[in-house]
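query21.txt, holding compact mmCIF, C-alpha atoms:
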```
# COMPACT_ATOMS: atom_id res chain seq x y z
CA MET K 259 4.98 -7.84 -3.19
CA LYS K 260 5.59 -9.73 0.06
CA THR K 261 8.14 -8.20 2.37
CA SER K 262 10.28 -11.35 2.39
CA THR K 263 10.49 -11.35 -1.39
CA PHE K 264 11.14 -7.62 -1.41
CA LEU K 265 14.02 -7.91 1.02
CA SER K 266 15.63 -10.75 -0.88
CA LEU K 267 15.95 -8.47 -3.90
CA PHE K 268 18.28 -6.24 -1.90
CA THR K 269 20.39 -8.78 -0.03
CA SER K 270 23.50 -7.31 -1.60
CA VAL K 271 22.65 -3.86 -0.24
CA LEU K 272 22.10 -5.24 3.23
CA LEU K 273 25.23 -7.38 3.30
CA SER K 274 27.58 -4.88 1.70
CA SER K 275 26.78 -2.30 4.37
CA ALA K 276 27.67 -4.71 7.16
CA SER K 277 31.41 -4.09 6.89
CA ILE K 278 31.21 -0.30 7.26
CA VAL K 279 31.93 -0.10 10.97
CA SER K 280 32.54 -2.37 13.91
CA ALA K 281 29.93 -3.37 16.46
CA GLN K 282 30.80 -0.63 18.92
CA ASP K 283 30.34 2.09 16.29
CA PRO K 284 27.07 3.42 14.76
CA PRO K 285 24.83 0.67 13.32
CA ALA K 286 26.58 -0.85 10.31
CA ASN K 287 23.49 -2.03 8.48
CA ILE K 288 21.69 1.23 7.80
CA THR K 289 19.23 -0.39 5.40
CA GLU K 290 18.11 -2.84 8.03
CA VAL K 291 17.81 -0.09 10.64
CA VAL K 292 15.55 1.97 8.37
CA LEU K 293 13.41 -1.05 7.52
CA ASP K 294 13.08 -2.03 11.17
CA ASN K 295 12.12 1.49 12.25
CA ALA K 296 9.54 1.70 9.48
CA ALA K 297 8.07 -1.66 10.45
CA ALA K 298 7.86 -0.53 14.06
CA ASP K 299 5.62 2.32 12.87
CA SER K 300 3.58 -0.03 10.65
CA ILE K 301 5.04 1.47 7.48
CA ASP K 302 5.45 -1.03 4.67
CA LEU K 303 8.38 0.12 2.54
CA SER K 304 7.61 -2.68 0.10
CA ALA K 305 4.78 -0.43 -1.10
CA LEU K 306 7.48 1.42 -3.03
CA ASP K 307 8.39 0.23 -6.47
CA PRO K 308 11.67 -1.74 -6.23
CA SER K 309 13.39 0.74 -8.55
CA ILE K 310 12.58 3.57 -6.11
CA PHE K 311 13.76 1.57 -3.13
CA ASN K 312 16.93 0.47 -4.87
CA GLY K 313 17.90 4.01 -5.90
CA ALA K 314 17.02 5.50 -2.53
CA PHE K 315 18.87 2.94 -0.45
CA ALA K 316 21.93 2.91 -2.66
CA GLU K 317 22.25 6.64 -1.93
CA ILE K 318 21.39 6.20 1.74
CA LYS K 319 24.16 3.63 2.07
CA ALA K 320 26.68 5.92 0.30
CA VAL K 321 25.86 8.92 2.49
CA TYR K 322 25.90 6.76 5.59
CA GLU K 323 29.50 5.87 4.85
CA GLN K 324 30.26 9.60 5.10
CA VAL K 325 28.27 9.79 8.32
CA VAL K 326 30.28 7.01 9.91
CA GLU K 327 33.52 8.77 8.99
CA VAL K 328 32.25 12.09 10.33
CA GLU K 329 30.92 10.68 13.58
CA SER K 330 34.10 8.73 14.23
CA SER K 331 36.33 11.76 13.55
CA GLY K 332 34.15 14.37 15.25
CA SER K 333 34.18 16.91 12.39
CA ASP K 334 32.36 17.22 9.09
CA ALA K 335 33.88 17.12 5.63
CA SER K 336 33.55 20.86 5.03
CA THR K 337 35.81 21.97 7.88
CA ALA K 338 39.05 22.14 5.89
CA ARG K 339 37.41 23.81 2.90
CA ARG K 340 35.80 26.48 5.06
CA ARG K 341 39.12 27.15 6.75
CA ALA K 342 40.78 27.66 3.35
CA LEU K 343 37.98 29.83 2.01
CA ARG K 344 38.17 32.07 5.05
CA TYR K 345 41.42 33.48 3.74
CA ASN K 346 40.17 33.92 0.18
CA ARG K 347 37.20 36.15 0.86
CA ARG K 348 37.21 39.89 1.10
CA ALA K 349 36.98 41.24 4.61
CA ASP K 350 33.50 42.68 3.95
CA THR K 351 32.01 39.36 2.79
CA ARG K 352 29.62 37.73 5.25
CA LYS K 353 30.41 34.18 6.32
CA ASP K 354 27.70 33.70 8.94
CA ILE K 355 24.44 33.60 6.95
CA ILE K 356 21.67 31.19 7.93
CA ASP K 357 19.61 30.03 4.94
CA VAL K 358 16.16 28.86 6.08
CA HIS K 359 14.79 28.09 2.61
CA THR K 360 16.83 25.66 0.57
CA HIS K 361 16.28 22.23 -0.89
CA ALA K 362 17.76 18.80 -1.31
CA VAL K 363 17.02 16.90 -4.52
CA PRO K 364 18.17 13.28 -4.28
CA SER K 365 18.89 11.92 -7.75
CA TRP K 366 16.34 9.15 -7.31
CA PHE K 367 13.71 11.73 -6.30
CA LYS K 368 14.44 13.77 -9.42
CA GLN K 369 13.72 10.67 -11.48
CA LEU K 370 10.29 10.52 -9.84
CA VAL K 371 9.70 14.28 -10.28
CA PRO K 372 11.50 15.45 -13.43
CA VAL K 373 9.40 18.64 -13.56
CA THR K 374 8.60 20.90 -10.61
CA GLY K 375 6.12 23.74 -10.97
CA GLY K 376 6.36 23.57 -14.75
CA ASN K 377 10.17 23.87 -14.76
CA PRO K 378 12.79 21.12 -15.02
CA THR K 379 13.73 19.78 -11.61
CA PRO K 380 17.35 20.85 -11.04
CA ASP K 381 20.34 18.59 -10.57
CA TRP K 382 21.70 18.51 -7.03
CA THR K 383 24.44 16.88 -5.02
CA LEU K 384 25.27 17.12 -1.35
CA GLU K 385 28.82 18.27 -2.06
CA GLY K 386 27.56 20.83 -4.58
CA HIS K 387 25.20 22.21 -1.97
CA ILE K 388 28.00 22.70 0.53
CA ALA K 389 30.10 24.37 -2.17
CA PHE K 390 27.22 26.75 -2.92
CA MET K 391 26.98 27.64 0.75
CA ASP K 392 30.70 28.38 0.89
CA GLN K 393 30.50 30.59 -2.20
CA GLN K 394 27.59 32.60 -0.81
CA GLY K 395 28.92 33.01 2.72
CA ILE K 396 26.24 30.73 4.18
CA ASP K 397 27.25 29.10 7.44
CA LYS K 398 24.13 27.00 8.02
CA SER K 399 21.23 25.84 5.88
CA ILE K 400 17.92 24.20 6.72
CA ILE K 401 17.14 21.87 3.84
CA ALA K 402 13.82 20.39 2.75
CA ILE K 403 12.40 18.32 -0.03
CA SER K 404 10.44 20.61 -2.35
CA ALA K 405 6.95 20.15 -3.75
CA PRO K 406 5.30 17.76 -4.23
CA HIS K 407 7.13 16.36 -1.17
CA ALA K 408 5.82 12.86 -0.52
CA ASN K 409 2.71 13.37 -2.67
CA VAL K 410 4.19 12.06 -5.90
CA PHE K 411 1.63 9.28 -6.25
CA GLN K 412 -1.65 11.02 -5.51
CA GLY K 413 -4.35 8.92 -3.93
CA GLN K 414 -1.95 6.09 -3.06
CA LYS K 415 -1.79 6.12 0.71
CA ALA K 416 0.68 3.29 1.34
CA VAL K 417 3.15 4.63 -1.21
CA THR K 418 2.88 8.20 0.10
CA VAL K 419 3.48 7.08 3.68
CA ALA K 420 6.47 4.96 2.64
CA LEU K 421 7.95 7.70 0.46
CA ALA K 422 7.72 10.23 3.29
CA ARG K 423 9.69 7.92 5.57
CA VAL K 424 12.43 7.22 3.01
CA LEU K 425 12.78 10.93 2.17
CA ASN K 426 13.17 11.80 5.84
CA GLU K 427 15.73 9.07 6.44
CA ALA K 428 17.72 10.29 3.43
CA ILE K 429 17.66 13.99 4.28
CA SER K 430 18.53 13.34 7.93
CA LEU K 431 21.71 11.58 6.81
CA TYR K 432 22.75 14.61 4.76
CA CYS K 433 22.62 16.57 7.98
CA ARG K 434 24.58 13.95 9.88
CA ALA K 435 27.26 14.08 7.18
CA TYR K 436 27.56 17.86 7.68
CA PRO K 437 26.37 18.35 11.26
CA THR K 438 27.79 21.86 11.64
CA ARG K 439 26.27 23.08 8.40
CA LEU K 440 22.91 21.42 7.78
CA ASN K 441 19.57 20.95 9.53
CA PHE K 442 16.28 19.89 7.97
CA TYR K 443 12.51 20.19 7.80
CA ALA K 444 10.78 16.81 7.51
CA VAL K 445 8.01 15.90 5.08
CA VAL K 446 4.77 14.25 6.22
CA PRO K 447 2.25 12.15 4.27
CA LEU K 448 -0.75 14.45 4.44
CA PRO K 449 -3.65 14.20 3.52
CA TYR K 450 -3.37 11.02 5.62
CA THR K 451 -3.60 12.72 8.99
CA THR K 452 -2.96 9.85 11.39
CA GLU K 453 0.10 8.75 9.45
CA ALA K 454 1.32 12.35 9.13
CA ILE K 455 1.21 12.76 12.91
CA ALA K 456 3.22 9.58 13.41
CA GLU K 457 5.82 10.62 10.81
CA ALA K 458 6.18 14.10 12.29
CA LYS K 459 6.83 12.66 15.74
CA TYR K 460 9.40 10.19 14.37
CA ALA K 461 11.17 12.86 12.33
CA ILE K 462 11.37 15.30 15.25
CA ASN K 463 12.06 12.88 18.11
CA THR K 464 14.24 10.29 16.36
CA LEU K 465 15.77 11.96 13.30
CA GLY K 466 16.18 15.44 14.79
CA ALA K 467 14.12 17.50 12.35
CA LYS K 468 13.95 21.20 13.25
CA GLY K 469 10.47 21.54 11.80
CA ILE K 470 7.95 20.14 9.36
CA VAL K 471 7.48 21.27 5.76
CA LEU K 472 3.91 21.38 4.48
CA THR K 473 2.83 22.24 0.98
CA SER K 474 0.12 24.84 0.41
CA ASN K 475 -2.30 22.05 -0.43
CA HIS K 476 -1.96 18.34 -0.07
CA GLU K 477 -3.66 16.60 -2.97
CA GLY K 478 -6.03 19.52 -3.41
CA THR K 479 -6.90 20.03 0.26
CA TYR K 480 -5.74 23.31 1.80
CA LEU K 481 -4.20 23.46 5.24
CA GLY K 482 -7.12 25.01 7.11
CA ASN K 483 -9.42 22.11 6.22
CA ALA K 484 -10.96 20.42 9.24
CA GLN K 485 -9.48 17.13 8.04
CA PHE K 486 -6.06 18.47 9.08
CA THR K 487 -7.07 19.91 12.46
CA PRO K 488 -5.91 16.79 14.35
CA PHE K 489 -2.47 17.21 12.76
CA PHE K 490 -2.11 20.81 13.93
CA LYS K 491 -3.43 19.81 17.36
CA ALA K 492 -0.86 17.02 17.65
CA ILE K 493 2.03 19.26 16.62
CA ASN K 494 0.89 21.91 19.08
CA GLU K 495 0.69 19.34 21.87
CA LEU K 496 4.31 18.28 21.38
CA GLY K 497 5.04 21.27 23.59
CA GLY K 498 7.62 24.00 23.27
CA ARG K 499 8.00 25.94 20.04
CA ARG K 500 7.16 23.99 16.87
CA VAL K 501 8.00 25.23 13.38
CA LEU K 502 5.95 24.59 10.25
CA TYR K 503 7.44 25.68 6.96
CA ILE K 504 4.64 26.37 4.46
CA HIS K 505 5.93 25.85 0.92
CA PRO K 506 3.77 26.61 -2.12
CA GLY K 507 2.81 23.79 -4.44
CA THR K 508 0.81 23.13 -7.57
CA PRO K 509 -2.87 24.15 -7.32
CA TYR K 510 -5.47 21.54 -8.24
CA VAL K 511 -9.19 21.32 -8.83
CA LYS K 512 -11.04 18.09 -8.23
CA VAL K 513 -12.90 16.79 -11.26
CA GLY K 514 -14.73 13.67 -10.25
CA ASN K 515 -12.12 11.46 -8.62
CA GLN K 516 -9.19 13.13 -10.35
CA LEU K 517 -7.00 16.11 -9.53
CA VAL K 518 -6.39 18.48 -12.44
CA GLU K 519 -3.69 21.13 -12.33
CA ALA K 520 -5.35 24.54 -12.06
CA ASN K 521 -3.00 26.96 -13.76
CA PRO K 522 -5.04 29.13 -16.16
CA THR K 523 -1.97 30.83 -17.66
CA PRO K 524 0.61 29.68 -20.22
CA TYR K 525 3.39 30.41 -17.73
CA PRO K 526 5.08 27.86 -15.46
CA THR K 527 3.12 27.19 -12.29
CA GLY K 528 6.17 27.75 -10.12
CA ASN K 529 6.74 31.22 -11.57
CA ILE K 530 3.24 32.61 -11.02
CA GLU K 531 0.83 30.31 -9.23
CA PHE K 532 3.13 29.49 -6.32
CA TYR K 533 2.73 33.07 -5.09
CA PHE K 534 -1.05 32.77 -5.18
CA GLU K 535 -0.90 29.36 -3.54
CA THR K 536 0.78 30.95 -0.55
CA ALA K 537 -2.02 33.52 -0.38
CA ARG K 538 -4.72 30.83 -0.66
CA THR K 539 -3.40 28.63 2.11
CA LEU K 540 -2.62 31.52 4.48
CA MET K 541 -6.15 32.81 3.91
CA ASP K 542 -7.46 29.34 4.74
CA LEU K 543 -5.33 28.98 7.86
CA THR K 544 -6.46 32.42 9.01
CA LEU K 545 -10.19 32.29 8.32
CA THR K 546 -10.48 28.83 9.89
CA GLN K 547 -8.58 30.25 12.88
CA THR K 548 -6.09 27.41 12.73
CA ILE K 549 -3.28 29.87 13.41
CA HIS K 550 -5.22 31.25 16.37
CA ASN K 551 -6.04 27.93 17.99
CA PHE K 552 -2.60 26.31 18.14
CA THR K 553 -0.32 28.83 19.77
CA ASN K 554 2.86 26.76 20.09
CA ILE K 555 3.22 26.69 16.30
CA HIS K 556 5.39 29.19 14.43
CA TYR K 557 5.26 29.45 10.64
CA VAL K 558 8.02 30.09 8.11
CA ILE K 559 6.50 31.71 5.01
CA PRO K 560 8.57 31.73 1.80
CA HIS K 561 9.09 34.55 -0.68
CA VAL K 562 8.14 37.25 1.89
CA GLY K 563 4.57 35.96 1.73
CA GLY K 564 4.09 35.72 -2.04
CA ALA K 565 0.83 37.41 -2.98
CA PHE K 566 -0.58 37.33 0.55
CA PRO K 567 0.40 40.81 1.80
CA ALA K 568 -1.39 42.44 -1.15
CA ALA K 569 -4.57 40.44 -0.43
CA LEU K 570 -4.50 40.66 3.34
CA ASP K 571 -6.94 43.52 3.91
CA ARG K 572 -9.37 42.17 1.33
CA ILE K 573 -9.36 38.85 3.19
CA LEU K 574 -9.44 40.08 6.77
CA LYS K 575 -11.87 42.97 6.43
CA SER K 576 -14.49 40.31 5.66
CA ALA K 577 -13.77 38.84 9.10
CA PRO K 578 -13.40 41.89 11.37
CA ALA K 579 -13.64 39.84 14.56
CA ILE K 580 -10.22 38.30 13.88
CA TYR K 581 -8.58 41.26 12.11
CA ASP K 582 -6.41 42.51 14.97
CA SER K 583 -5.60 39.08 16.37
CA SER K 584 -4.52 37.85 12.93
CA LEU K 585 -2.20 40.80 12.41
CA ALA K 586 -0.69 40.15 15.82
CA ILE K 587 0.06 36.55 14.83
CA TYR K 588 1.63 37.62 11.51
CA ASN K 589 3.89 39.91 13.52
CA THR K 590 4.96 37.39 16.15
CA ARG K 591 4.53 33.74 15.12
CA PHE K 592 5.01 34.19 11.36
CA TRP K 593 8.53 34.45 9.95
CA TRP K 594 8.99 35.60 6.37
CA ASP K 595 11.90 34.41 4.25
CA SER K 596 13.54 36.29 1.39
CA ALA K 597 13.84 33.45 -1.15
CA GLY K 598 13.87 34.77 -4.70
CA PRO K 599 14.22 38.32 -6.02
CA THR K 600 12.08 39.73 -3.21
CA TYR K 601 14.23 42.53 -1.81
CA TYR K 602 14.24 44.72 -4.91
CA HIS K 603 10.66 45.95 -4.30
CA GLN K 604 8.42 43.19 -2.93
CA ILE K 605 9.65 43.45 0.66
CA SER K 606 8.12 46.93 0.90
CA GLY K 607 4.65 45.39 0.69
CA LEU K 608 5.32 43.13 3.66
CA LEU K 609 6.72 45.99 5.70
CA GLY K 610 3.69 48.02 4.65
CA ILE K 611 1.31 45.72 6.54
CA GLY K 612 3.34 46.30 9.70
CA VAL K 613 5.44 43.14 9.90
CA PRO K 614 8.41 44.00 12.14
CA LYS K 615 11.92 43.52 10.84
CA SER K 616 12.56 41.04 13.65
CA GLN K 617 10.42 38.51 11.71
CA LEU K 618 12.45 38.57 8.48
CA LEU K 619 14.66 35.65 7.46
CA PHE K 620 17.07 34.91 4.62
CA GLY K 621 16.48 32.15 2.08
CA THR K 622 17.97 31.21 -1.29
CA ASP K 623 15.58 28.56 -2.70
CA PHE K 624 18.69 26.78 -3.98
CA PRO K 625 18.84 24.84 -6.30
CA TYR K 626 15.37 25.68 -7.67
CA ALA K 627 16.13 29.40 -7.95
CA PRO K 628 18.53 29.66 -10.92
CA ILE K 629 22.14 30.15 -9.94
CA PHE K 630 22.42 33.29 -12.06
CA THR K 631 19.83 34.98 -9.82
CA GLN K 632 21.52 34.20 -6.52
CA ALA K 633 24.15 36.95 -6.47
CA GLY K 634 21.58 39.62 -7.28
CA SER K 635 19.11 38.41 -4.65
CA LEU K 636 21.83 38.35 -2.01
CA ALA K 637 23.06 41.81 -3.02
CA ALA K 638 19.52 43.18 -2.90
CA VAL K 639 19.35 42.35 0.81
CA LYS K 640 22.84 43.63 1.52
CA ASN K 641 22.25 46.90 -0.34
CA SER K 642 18.65 47.60 0.65
CA PRO K 643 18.17 51.17 1.91
CA LEU K 644 15.26 49.97 4.05
CA PHE K 645 17.47 48.35 6.69
CA THR K 646 20.34 49.35 8.92
CA ASP K 647 23.47 47.19 9.12
CA THR K 648 22.22 45.79 12.42
CA GLU K 649 18.87 44.91 10.87
CA LYS K 650 20.61 43.21 7.95
CA THR K 651 22.63 41.11 10.37
CA ALA K 652 19.34 40.13 11.98
CA ILE K 653 17.88 39.09 8.61
CA PHE K 654 20.96 37.08 7.73
CA LYS K 655 21.50 35.43 11.09
CA THR K 656 20.05 36.47 14.42
CA ASN K 657 16.35 36.36 13.52
CA ALA K 658 16.77 32.71 12.50
CA GLN K 659 18.63 32.03 15.73
CA ASN K 660 15.71 33.56 17.60
CA LEU K 661 13.15 31.51 15.69
CA PHE K 662 14.95 28.25 16.37
CA GLN K 663 15.95 29.33 19.87
CA ASN K 664 19.68 28.95 19.16
CA GLN K 665 19.24 25.26 18.35
CA LEU K 666 20.76 25.29 14.85
```
Let me see the structure of the file written as structure tokens.
Amino acid sequence: MKTSTFLSLFTSVLLSSASIVSAQDPPANITEVVLDNAAADSIDLSALDPSIFNGAFAEIKAVYEQVVEVESSGSDASTARRRALRYNRRADTRKDIIDVHTHAVPSWFKQLVPVTGGNPTPDWTLEGHIAFMDQQGIDKSIIAISAPHANVFQGQKAVTVALARVLNEAISLYCRAYPTRLNFYAVVPLPYTTEAIAEAKYAINTLGAKGIVLTSNHEGTYLGNAQFTPFFKAINELGGRRVLYIHPGTPYVKVGNQLVEANPTPYPTGNIEFYFETARTLMDLTLTQTIHNFTNIHYVIPHVGGAFPAALDRILKSAPAIYDSSLAIYNTRFWWDSAGPTYYHQISGLLGIGVPKSQLLFGTDFPYAPIFTQAGSLAAVKNSPLFTDTEKTAIFKTNAQNLFQNQL
């Protein structure tokens, strides 16, 4: 579809946004701004099916209306609700938690990905997310699109690149609507390395992403593959501390020119295989010395490392030359989040390999982790006999502040 034809289909979207604000306020025509910025980076958003574009930009326009209101008033929409809730909570209830592992699920994205990891993709709204935070005592959340991220249409480069851009534009607006509550990790269109580098730079420098979310494999290629080395090099060369959030995804095997899901069990991939995916990609990043070579990069690892801590010695004792240096990296530039029911017993395995408590973070995996599990997972951290009250405060708040250098 030619771009001119594509744009004509959405004239009503473009024109209707023009009356949102006056010329001296933020740009009124958010659709046009997104299209222009994409074109400047040689991204053709007309590669997206019109139904995807229409759904995405209808939501982008609606959220942008909130953004304009917020940025003109100087406070986000949750301020009054938080003030009211402050008087309704017990004195011993935390209100300052930082959640480093949580997700946004735009309704149009759910239509593209109705199943995630073998389970139904959950419903989600921006307002519902803020309400969840208030209920759990979460002050700030770092949101990300979950697997498969931008890799919905495997093997289709132009669509993947375009989808990554639209997802990042959408999620950045959520954060602008609630600037005191939300930050985000951006997606990138790996395995297309050149385009992934460009998108990462745009998301960080223009949209304000706090980090980049990678999946354990991108279309069957694990993160330590030499194909991705230029990406890690580019992120490292941005300077300062850079954060990569490594989220597990569906494992695949390549059969001819096709990718086939590689779950040998009858159980949902997200329940079992995601843990092993974390182990596979961390093994790959370690044995290829990717984590050793790019020292500005810090890594957020979900679910206190999944199956990786149990496999660590088996992996590293086969590479004794990097045994000590790898452990040192796990203890300094790796940060391990609590998402899921990990603090009943699993956390002991991570502590058992010597990871210091200063590297532990809190995460909920909302809304993918069922709501009925959230209270128990939160209580497991609060009630753990393995940590002092000071250490629990660090898990809930100050460790994340240290990771992001007080920039949340």
*Contacts of range 406-416 of chain K within 7 Å, only C-alpha atoms, excl. fewer than 5 positions in-chain, as a VMD selection string*: chain K and resid 305 421 to 422 445 to 447 477 507
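Separating CA of Phe624 in chain K from CA of Met391 in chain K is a distance of 9.6 Å.
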*So how many Å separate CA of Ala633 in chain K and CA of Gln394 in chain K, to one decimal?*
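CA of Ala633 in chain K sits 7.9 Å away from CA of Gln394 in chain K.
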*Using all atoms listed in the file, which residues sit within 9 Å of Ala461 in chain K once same-chain residues fewer than 2 positions away are excluded, as number ranges by chain?*
K: 423, 426-427, 430, 443-446, 456-459, 463-470
Mind writing the picked residues with C-alpha atoms as a compact mmCIF listing (two decimals), in the frame of the given file?
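See out-v9.txt below for the written result:
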```
# COMPACT_ATOMS: atom_id res chain seq x y z
CA ARG K 423 9.69 7.92 5.57
CA ASN K 426 13.17 11.80 5.84
CA GLU K 427 15.73 9.07 6.44
CA SER K 430 18.53 13.34 7.93
CA TYR K 443 12.51 20.19 7.80
CA ALA K 444 10.78 16.81 7.51
CA VAL K 445 8.01 15.90 5.08
CA VAL K 446 4.77 14.25 6.22
CA ALA K 456 3.22 9.58 13.41
CA GLU K 457 5.82 10.62 10.81
CA ALA K 458 6.18 14.10 12.29
CA LYS K 459 6.83 12.66 15.74
CA ASN K 463 12.06 12.88 18.11
CA THR K 464 14.24 10.29 16.36
CA LEU K 465 15.77 11.96 13.30
CA GLY K 466 16.18 15.44 14.79
CA ALA K 467 14.12 17.50 12.35
CA LYS K 468 13.95 21.20 13.25
CA GLY K 469 10.47 21.54 11.80
CA ILE K 470 7.95 20.14 9.36
```
*If we count all atoms listed in the file, what is near Ile653 in chain K at a cut-off of 9 Å, once residues fewer than 4 positions away on the same chain are taken out, given as a list in words?*
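Non-adjacent residues within range: Ile355, Ile356, Asp595, Ser596, Lys615, Ser616, Gln617, Leu618, Leu619, Phe620, Val639, Thr648, Glu649, Asn657 and Ala658 of chain K.
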*Which one is closest to Val558 in chain K: K:Pro364, K:Pro578, K:Pro522, K:Pro506? Count all atoms listed in the file.*
K:Pro506
Using all atoms listed in the file, what table do you get, as a Markdown table, when you list each residue of range 328-441 of chain K with an atom no more than 12 Å from range 500-504 of chain K, its nearest pair of atoms, and their distance in Å rounded to one decimal, rows by chain then rising number?
```
| residue | atom | partner | partner_atom | distance |
| --- | --- | --- | --- | --- |
| K:Val358 | CA | K:Tyr503 | CA | 9.3 |
| K:His359 | CA | K:Tyr503 | CA | 8.9 |
| K:Thr360 | CA | K:Tyr503 | CA | 11.4 |
| K:Ile400 | CA | K:Tyr503 | CA | 10.6 |
| K:Ile401 | CA | K:Tyr503 | CA | 10.9 |
| K:Ala402 | CA | K:Tyr503 | CA | 9.3 |
| K:Ile403 | CA | K:Tyr503 | CA | 11.3 |
| K:Ser404 | CA | K:Ile504 | CA | 10.6 |
| K:Ala405 | CA | K:Ile504 | CA | 10.6 |
| K:His407 | CA | K:Ile504 | CA | 11.8 |
```
